[in-house]
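Encoded as structure tokens, the structure appears first; notes follow it.
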Amino acid sequence: MVHLGPKKPQARKGSMADVPRELMDEIHQLEDMFTADSETLRKVVKHFIDELNKGLTKKGGNIPMIPGWVMEFPTGKESGNYLAIDLGGTNLRVVLVKLSGKHTFDTTQSKYKLPHDMRTTKHQEELWSFIADSLKDFMVEQELLNTKDTLPLGFTFSYPASQNKINEGILQRWTKGFDIPNVEGHDVVPLLQNEISKRELPIEIVALINDTVGTLVASYYTDPETKMGVIFGTGVNGAFYDVVSDIEKLEGKLADDIPNDSPMAINCEYGSFDNEHLVLPRTKYDVIVDEQSPRPGQQAFEKMTSGYYLGELLRLVLVELNEKGLMLKGQDLTKLKQPYIMDTSYPARIEDDPFENLEDTDDIFQKDFGVKTTLPERKLIRRLCELIGTRAARLAVCGIAAICQKRGYKTGHIAADGSVYNKYPGFKEAAAKGLRDIYGWTGDASNDPIIIVPAEDGSGAGAAVIAALSEKRIAEGKSLGIIGA
Ligand code: GLC
């Protein structure tokens with residue numbers, strides 16, 4: 001059967017003819033280790049569905065399945081001016097969003113670089129002060145300080161945070177390399193609101209939003225075929241609209257004005273899928289990544305699929321091959337031995353190297369790590385990057401298939417965002433191919449019933465729309481969360 005689905009062109013691999021036998025053997029072993037075939041993906045999806053369901057029960061499971069308290073579908077008529085902030089891994093983004101009320105919006109934004117070491121500062125106040133100071137700078141730049149009205153703010157906080165209501169987020173645990181003491185177990189909204197108030201800024205945090213929920217809502221605002229918001233970035237996660245009556249753990253907790261058939265956005269936090277290591281095809285390198293992370297045993301799925309870890313996986317393999325005397329022989333690997341020295345831009349750039357002799361890759365290793373590579377070594381490195389990137393894409397879409405099968409979605413758009421989705425070469429194609437393999441779709445890929453599409457700006461427009469929906473509920477005197485929250 002002819003496969004017309006998108007796939008990586010074979011030519012990218014280049015000829016392996018000049019690769020010596022011992023390296024070729026290693027390449028084959030790596031291929032075996034890092035390939036997630038269709039059967040494995042289907043097995044993963046099956047277990048994933050069970051785990052998603054478990055997360056919705058009173059007893060709970062590994063996947064948090066956090067109700068996000070967005071209980072409406074956006075109509076596109078939401079209007080007004082909103083502030084939105086997004087605390088990412090390297091930047092804080094501040095956005096002023098003007099919702100027109102006619103399915104469109106305008107945004108003005110600034111980015112503020114997180115000071116070095118902020119991710120692991122010992123003093124949590126520094127983080128909230130930095131955000132509040134950046135907000136103040138933004139208000140000054142945009143001449144917003146003199147407005148009489150308080151500006152509502154949607155806070156995109158993309159870590160697992162429990163919410164008993166929309167304007168609350170109790171951090172369960174840091175992910176993606178953040179590790180700041182005394183925040184886990186606390187509601188981050190008052191922590192930030194206090195710093196805002198100290199600076200007398202006319203801002204009120206009206207909603208705390210996960211990036212996936214923002215992506216879902218922003219994309220739904222412009223495309224009602226949207227079934228999920230997903231992030232393939234530093235972390236991996238997805239959100240969808242469930243129905244209140246299907247969320248067992250909310251039973252008996254809801255105020256009377258929230259009907260049983262109300263929609264409810266769920267932030268799955270499925271980066272924690274398979275923390276028990278039952279189905280994911282882990283390699284010894286995945287085990288090391290986990291053991292050496294600040295939170296061993298957590299985010300098992302994310303550690304195999306997200307941008308935070310792809311470069312590290314590559315580095316671990318290369319260091320091991322060197323230690324086995326197979327490559328980069330007799331060279332000083334001090335730099336390359338530093339954990340996390342390779343962020344995802346490294347495998348991405350290596351995969352993008354357009355030259356037959358992989359000249360860019362040669363440059364990268366010489367300039368950044370002070371190591372010389374032979375052409376066969378570079379071929380191994382490039383192949384390894386393809387394997388790590390492709391495996392990430394194929395496993396990452398298991399979350400999509402699991403939600404679609406759980407909710408019975410046969411068609412629809414999956415709105416995707418994140419650095420890996422947007423920038424990692426071949427990721428989109430490999431993700432689409434992964435879904436096709438799970439479902440066994442053949443024929444023209446453009447007819448695939450479920451497709452992954454680029455999302456609208458979740459942490460800008462999405463956060464603003466959610467803030468607008470939240471304000472509306474407040475104005476109508478409706479409850480924002482569980483009874484008494
Ligand atoms: C991590 C976070 C999650 C976020 C995802 C993508 O998995 O825990 O909240 O949605 O990264 O940014």
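Identifiers in this document derive from the order of the structure tokens: chains are assigned A, B, ..., residues are numbered from 1 separately in each chain, and ligands are numbered from 1 in order of occurrence.
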
**Q.** Contact residues around Asp352 in chain A with only C-alpha atoms at 9 Å, ignoring same-chain residues under 4 positions, as a count of residues only
**A.** 5

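Those residues of range 70-134 of chain A that DSSP, working from the backbone, places in alpha helix (DSSP H) are Gln124, Glu125, Glu126, Leu127, Trp128, Ser129, Phe130, Ile131, Ala132, Asp133 and Ser134 of chain A.
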
Please write the residues from the selection above to a file, keeping N, CA, C and O atoms, as a PDB file, in the first residue's frame.
ATOM      1  N   GLN A 124      11.173  32.876  47.287  1.00  0.00           N
ATOM      2  CA  GLN A 124      10.050  32.950  46.367  1.00  0.00           C
ATOM      3  C   GLN A 124       9.565  34.386  46.134  1.00  0.00           C
ATOM      4  O   GLN A 124       9.086  34.715  45.050  1.00  0.00           O
ATOM      5  N   GLU A 125       9.749  35.285  47.125  1.00  0.00           N
ATOM      6  CA  GLU A 125       9.284  36.676  46.953  1.00  0.00           C
ATOM      7  C   GLU A 125       9.928  37.298  45.711  1.00  0.00           C
ATOM      8  O   GLU A 125       9.329  38.151  45.066  1.00  0.00           O
ATOM      9  N   GLU A 126      11.165  36.878  45.417  1.00  0.00           N
ATOM     10  CA  GLU A 126      11.865  37.473  44.272  1.00  0.00           C
ATOM     11  C   GLU A 126      11.097  37.260  42.982  1.00  0.00           C
ATOM     12  O   GLU A 126      11.075  38.115  42.112  1.00  0.00           O
ATOM     13  N   LEU A 127      10.477  36.088  42.866  1.00  0.00           N
ATOM     14  CA  LEU A 127       9.732  35.788  41.641  1.00  0.00           C
ATOM     15  C   LEU A 127       8.531  36.730  41.510  1.00  0.00           C
ATOM     16  O   LEU A 127       8.318  37.346  40.467  1.00  0.00           O
ATOM     17  N   TRP A 128       7.754  36.855  42.581  1.00  0.00           N
ATOM     18  CA  TRP A 128       6.534  37.683  42.500  1.00  0.00           C
ATOM     19  C   TRP A 128       6.903  39.159  42.350  1.00  0.00           C
ATOM     20  O   TRP A 128       6.228  39.910  41.638  1.00  0.00           O
ATOM     21  N   SER A 129       7.998  39.583  43.001  1.00  0.00           N
ATOM     22  CA  SER A 129       8.439  40.976  42.858  1.00  0.00           C
ATOM     23  C   SER A 129       8.842  41.250  41.421  1.00  0.00           C
ATOM     24  O   SER A 129       8.513  42.296  40.861  1.00  0.00           O
ATOM     25  N   PHE A 130       9.554  40.288  40.844  1.00  0.00           N
ATOM     26  CA  PHE A 130       9.990  40.475  39.459  1.00  0.00           C
ATOM     27  C   PHE A 130       8.772  40.628  38.534  1.00  0.00           C
ATOM     28  O   PHE A 130       8.740  41.509  37.667  1.00  0.00           O
ATOM     29  N   ILE A 131       7.760  39.791  38.751  1.00  0.00           N
ATOM     30  CA  ILE A 131       6.572  39.874  37.894  1.00  0.00           C
ATOM     31  C   ILE A 131       5.875  41.220  38.111  1.00  0.00           C
ATOM     32  O   ILE A 131       5.511  41.908  37.146  1.00  0.00           O
ATOM     33  N   ALA A 132       5.729  41.617  39.366  1.00  0.00           N
ATOM     34  CA  ALA A 132       5.025  42.878  39.652  1.00  0.00           C
ATOM     35  C   ALA A 132       5.809  44.067  39.086  1.00  0.00           C
ATOM     36  O   ALA A 132       5.218  44.997  38.514  1.00  0.00           O
ATOM     37  N   ASP A 133       7.139  44.032  39.202  1.00  0.00           N
ATOM     38  CA  ASP A 133       7.947  45.122  38.633  1.00  0.00           C
ATOM     39  C   ASP A 133       7.794  45.165  37.113  1.00  0.00           C
ATOM     40  O   ASP A 133       7.693  46.249  36.522  1.00  0.00           O
ATOM     41  N   SER A 134       7.778  44.012  36.494  1.00  0.00           N
ATOM     42  CA  SER A 134       7.625  43.980  35.032  1.00  0.00           C
ATOM     43  C   SER A 134       6.253  44.526  34.643  1.00  0.00           C
ATOM     44  O   SER A 134       6.116  45.266  33.660  1.00  0.00           O
TER      45      SER A 134
END

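With only C-alpha atoms as the atoms that count, the minimum distance from Thr222 in chain A to the choices A:Phe105, A:Pro64, A:Ile388, A:Pro354 is reached by A:Phe105.
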
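Using only C-alpha atoms and all ligand atoms, the smallest distance between any of A:Thr35, A:Gln405, A:Ser419, A:Asn194 and ligand 1 comes from A:Ser419.
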
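The binding environment of ligand 1, defined as every protein, DNA or RNA residue with an atom no more than 6 Å away and counting only C-alpha atoms and all ligand atoms, comprises A:Ser158, A:Tyr159, A:Pro160, A:Thr175, A:Asn210, A:Asp211, A:Thr212, A:Ile231, A:Gly235, A:Val236, A:Asn237, A:Glu269, A:Gly271.
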
Q | All residues 12 Å or closer to Gly440 in chain A, only C-alpha atoms, same chain fewer than 2 positions away omitted, as a PyMOL selection string | A | chain A and resi 3+5+38-39+41-42+401+432-438+442-443+445+448-449

Residues from the last selection, N, CA and C atoms, saved as a short mmCIF file (atom, residue, chain, number, x, y, z; two decimals), in the first residue's frame:
data_model
loop_
_atom_site.label_atom_id
_atom_site.label_comp_id
_atom_site.auth_asym_id
_atom_site.auth_seq_id
_atom_site.Cartn_x
_atom_site.Cartn_y
_atom_site.Cartn_z
N HIS A 3 1.89 4.82 1.05
CA HIS A 3 1.62 5.72 2.17
C HIS A 3 1.79 7.14 1.73
N GLY A 5 0.97 9.68 3.65
CA GLY A 5 1.06 10.55 4.83
C GLY A 5 2.38 11.29 4.87
N SER A 38 3.94 1.48 15.98
CA SER A 38 2.49 1.74 16.08
C SER A 38 1.85 0.92 17.19
N GLU A 39 2.32 -0.30 17.31
CA GLU A 39 1.73 -1.18 18.33
C GLU A 39 1.98 -0.61 19.74
N LEU A 41 2.46 2.51 20.46
CA LEU A 41 1.63 3.72 20.63
C LEU A 41 0.21 3.34 21.02
N ARG A 42 -0.32 2.31 20.38
CA ARG A 42 -1.71 1.92 20.70
C ARG A 42 -1.83 1.41 22.13
N ALA A 401 -4.79 11.26 21.18
CA ALA A 401 -5.64 10.13 20.80
C ALA A 401 -6.45 9.65 22.00
N ALA A 432 1.82 14.19 13.16
CA ALA A 432 0.69 13.81 12.31
C ALA A 432 0.79 12.33 11.94
N LYS A 433 2.00 11.92 11.62
CA LYS A 433 2.22 10.51 11.26
C LYS A 433 1.92 9.60 12.45
N GLY A 434 2.29 10.05 13.64
CA GLY A 434 2.02 9.27 14.85
C GLY A 434 0.52 9.05 15.03
N LEU A 435 -0.26 10.11 14.86
CA LEU A 435 -1.72 9.98 14.98
C LEU A 435 -2.26 9.02 13.93
N ARG A 436 -1.76 9.14 12.71
CA ARG A 436 -2.21 8.26 11.62
C ARG A 436 -1.91 6.80 11.94
N ASP A 437 -0.74 6.58 12.53
CA ASP A 437 -0.36 5.21 12.87
C ASP A 437 -1.25 4.66 13.99
N ILE A 438 -1.57 5.51 14.96
CA ILE A 438 -2.42 5.05 16.07
C ILE A 438 -3.78 4.65 15.52
N THR A 442 -5.14 5.64 6.43
CA THR A 442 -4.29 5.59 5.24
C THR A 442 -4.87 6.60 4.25
N GLY A 443 -4.25 6.73 3.13
CA GLY A 443 -4.78 7.67 2.15
C GLY A 443 -4.24 9.06 2.39
N ALA A 445 -3.32 12.45 3.68
CA ALA A 445 -3.28 12.98 5.05
C ALA A 445 -4.16 14.22 5.20
N ASP A 448 -7.32 13.53 6.93
CA ASP A 448 -7.36 12.95 8.29
C ASP A 448 -8.49 13.62 9.08
N PRO A 449 -9.32 12.80 9.76
CA PRO A 449 -10.46 13.41 10.48
C PRO A 449 -10.06 14.26 11.68
#

Q: Provide the CA of Gly389 in chain A to CA of Lys337 in chain A distance in Å, to one decimal place.
A: 21.2 Å

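If you measure from each of A:Val45, A:Val217, A:Leu23, A:Ala396 to Leu321 in chain A using only C-alpha atoms, the closest one turns out to be A:Leu23.
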
Q: Name all residues at most 7 Å from Phe155 in chain A (count only C-alpha atoms; drop same-chain ones fewer than 4 positions away) and give them as a PyMOL selection string.
A: chain A and resi 84-86+205+207-209+463

Written selection (all heavy atoms) as a PDB file, in the first residue's frame:
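Full text of part.pdb as output:
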ATOM      1  N   ALA A  84      -2.789  40.268  30.414  1.00  0.00           N
ATOM      2  CA  ALA A  84      -2.506  38.842  30.541  1.00  0.00           C
ATOM      3  C   ALA A  84      -1.012  38.700  30.787  1.00  0.00           C
ATOM      4  O   ALA A  84      -0.210  39.448  30.208  1.00  0.00           O
ATOM      5  CB  ALA A  84      -2.895  38.109  29.271  1.00  0.00           C
ATOM      6  N   ILE A  85      -0.650  37.790  31.666  1.00  0.00           N
ATOM      7  CA  ILE A  85       0.777  37.508  31.838  1.00  0.00           C
ATOM      8  C   ILE A  85       1.010  36.011  31.719  1.00  0.00           C
ATOM      9  O   ILE A  85       0.134  35.202  32.001  1.00  0.00           O
ATOM     10  CB  ILE A  85       1.339  38.002  33.190  1.00  0.00           C
ATOM     11  CG1 ILE A  85       0.537  37.438  34.361  1.00  0.00           C
ATOM     12  CG2 ILE A  85       1.390  39.508  33.246  1.00  0.00           C
ATOM     13  CD1 ILE A  85       1.170  37.739  35.698  1.00  0.00           C
ATOM     14  N   ASP A  86       2.198  35.685  31.261  1.00  0.00           N
ATOM     15  CA  ASP A  86       2.546  34.288  31.056  1.00  0.00           C
ATOM     16  C   ASP A  86       3.954  34.082  31.605  1.00  0.00           C
ATOM     17  O   ASP A  86       4.910  34.683  31.109  1.00  0.00           O
ATOM     18  CB  ASP A  86       2.515  33.989  29.548  1.00  0.00           C
ATOM     19  CG  ASP A  86       2.833  32.538  29.255  1.00  0.00           C
ATOM     20  OD1 ASP A  86       2.941  31.744  30.200  1.00  0.00           O
ATOM     21  OD2 ASP A  86       2.980  32.202  28.054  1.00  0.00           O
ATOM     22  N   ILE A 205      -6.099  40.258  39.728  1.00  0.00           N
ATOM     23  CA  ILE A 205      -6.019  38.936  39.081  1.00  0.00           C
ATOM     24  C   ILE A 205      -7.409  38.309  39.170  1.00  0.00           C
ATOM     25  O   ILE A 205      -7.891  38.025  40.262  1.00  0.00           O
ATOM     26  CB  ILE A 205      -4.999  38.028  39.795  1.00  0.00           C
ATOM     27  CG1 ILE A 205      -3.640  38.729  39.904  1.00  0.00           C
ATOM     28  CG2 ILE A 205      -4.871  36.691  39.054  1.00  0.00           C
ATOM     29  CD1 ILE A 205      -2.622  37.977  40.775  1.00  0.00           C
ATOM     30  N   ALA A 207      -8.334  35.603  37.050  1.00  0.00           N
ATOM     31  CA  ALA A 207      -8.329  34.193  36.649  1.00  0.00           C
ATOM     32  C   ALA A 207      -6.896  33.668  36.615  1.00  0.00           C
ATOM     33  O   ALA A 207      -5.973  34.389  36.219  1.00  0.00           O
ATOM     34  CB  ALA A 207      -8.956  34.033  35.268  1.00  0.00           C
ATOM     35  N   LEU A 208      -6.743  32.431  37.053  1.00  0.00           N
ATOM     36  CA  LEU A 208      -5.458  31.753  36.908  1.00  0.00           C
ATOM     37  C   LEU A 208      -5.667  30.644  35.882  1.00  0.00           C
ATOM     38  O   LEU A 208      -6.633  29.879  35.959  1.00  0.00           O
ATOM     39  CB  LEU A 208      -4.991  31.163  38.227  1.00  0.00           C
ATOM     40  CG  LEU A 208      -3.638  30.454  38.113  1.00  0.00           C
ATOM     41  CD1 LEU A 208      -2.646  31.008  39.123  1.00  0.00           C
ATOM     42  CD2 LEU A 208      -3.763  28.960  38.269  1.00  0.00           C
ATOM     43  N   ILE A 209      -4.775  30.598  34.917  1.00  0.00           N
ATOM     44  CA  ILE A 209      -5.039  29.775  33.735  1.00  0.00           C
ATOM     45  C   ILE A 209      -3.834  28.922  33.396  1.00  0.00           C
ATOM     46  O   ILE A 209      -2.704  29.407  33.384  1.00  0.00           O
ATOM     47  CB  ILE A 209      -5.337  30.713  32.535  1.00  0.00           C
ATOM     48  CG1 ILE A 209      -6.525  31.609  32.863  1.00  0.00           C
ATOM     49  CG2 ILE A 209      -5.560  29.938  31.260  1.00  0.00           C
ATOM     50  CD1 ILE A 209      -6.332  33.016  32.412  1.00  0.00           C
ATOM     51  N   ALA A 463      -6.104  33.920  27.746  1.00  0.00           N
ATOM     52  CA  ALA A 463      -6.196  34.391  29.133  1.00  0.00           C
ATOM     53  C   ALA A 463      -7.197  35.541  29.228  1.00  0.00           C
ATOM     54  O   ALA A 463      -7.966  35.640  30.189  1.00  0.00           O
ATOM     55  CB  ALA A 463      -4.819  34.831  29.618  1.00  0.00           C
TER      56      ALA A 463
END

(Q) Neighbouring residues of Ile63 in chain A were defined as those with any atom within 6 Å, considering only C-alpha atoms; residues of the same chain fewer than 2 positions away were excluded. Please report them as number ranges by chain. (A) A: 55, 61, 65, 270, 272-273

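Excluding range 256-261 of chain A and any residue on its chain fewer than 2 positions from it, the residues at most 6 Å away by only C-alpha atoms are Val243, Val244 and Ser245 of chain A.
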
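Residues in contact with Gln29 in chain A at 12 Å, where only C-alpha atoms are counted and same-chain residues fewer than 2 positions away are skipped, are listed as Glu22, Leu23, Met24, Asp25, Glu26, Ile27, Glu31, Asp32, Met33, Phe34, Thr35, Thr283, Val317, Leu321, Leu380, Arg383, Leu384 and Leu387 of chain A.
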
Q.
Please extract the residues of range 358-459 of chain A with a backbone DSSP assignment of strand (DSSP E or B) and present them as a ChimeraX atom specification.
A. /A:412-417,450-454

Kindly save the residues from that selection, with C-alpha atoms included, as a short mmCIF file (atom, residue, chain, number, x, y, z; two decimals), in the first residue's frame.
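Output file selection_25.cif follows:
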data_model
loop_
_atom_site.label_atom_id
_atom_site.label_comp_id
_atom_site.auth_asym_id
_atom_site.auth_seq_id
_atom_site.Cartn_x
_atom_site.Cartn_y
_atom_site.Cartn_z
CA GLY A 412 -11.92 17.90 15.06
CA HIS A 413 -9.03 20.29 15.38
CA ILE A 414 -6.35 19.98 18.02
CA ALA A 415 -4.91 23.43 18.64
CA ALA A 416 -1.18 23.16 19.32
CA ASP A 417 1.41 25.60 20.56
CA ILE A 450 -8.49 14.72 13.45
CA ILE A 451 -5.77 17.20 12.66
CA ILE A 452 -3.31 19.16 14.73
CA VAL A 453 -3.42 22.85 13.83
CA PRO A 454 -1.43 25.89 15.01
#

Q. Which of these residues is nearest to Leu56 in chain A, using only C-alpha atoms: A:Leu250, A:Leu201, A:Val183, A:Leu83?
A. A:Leu250

Q) Of the candidates A:Gly477, A:Ala467, A:Gln163, A:Tyr309, which shows the shortest atom-to-atom distance to Gly80 in chain A, using only C-alpha atoms? A) A:Ala467
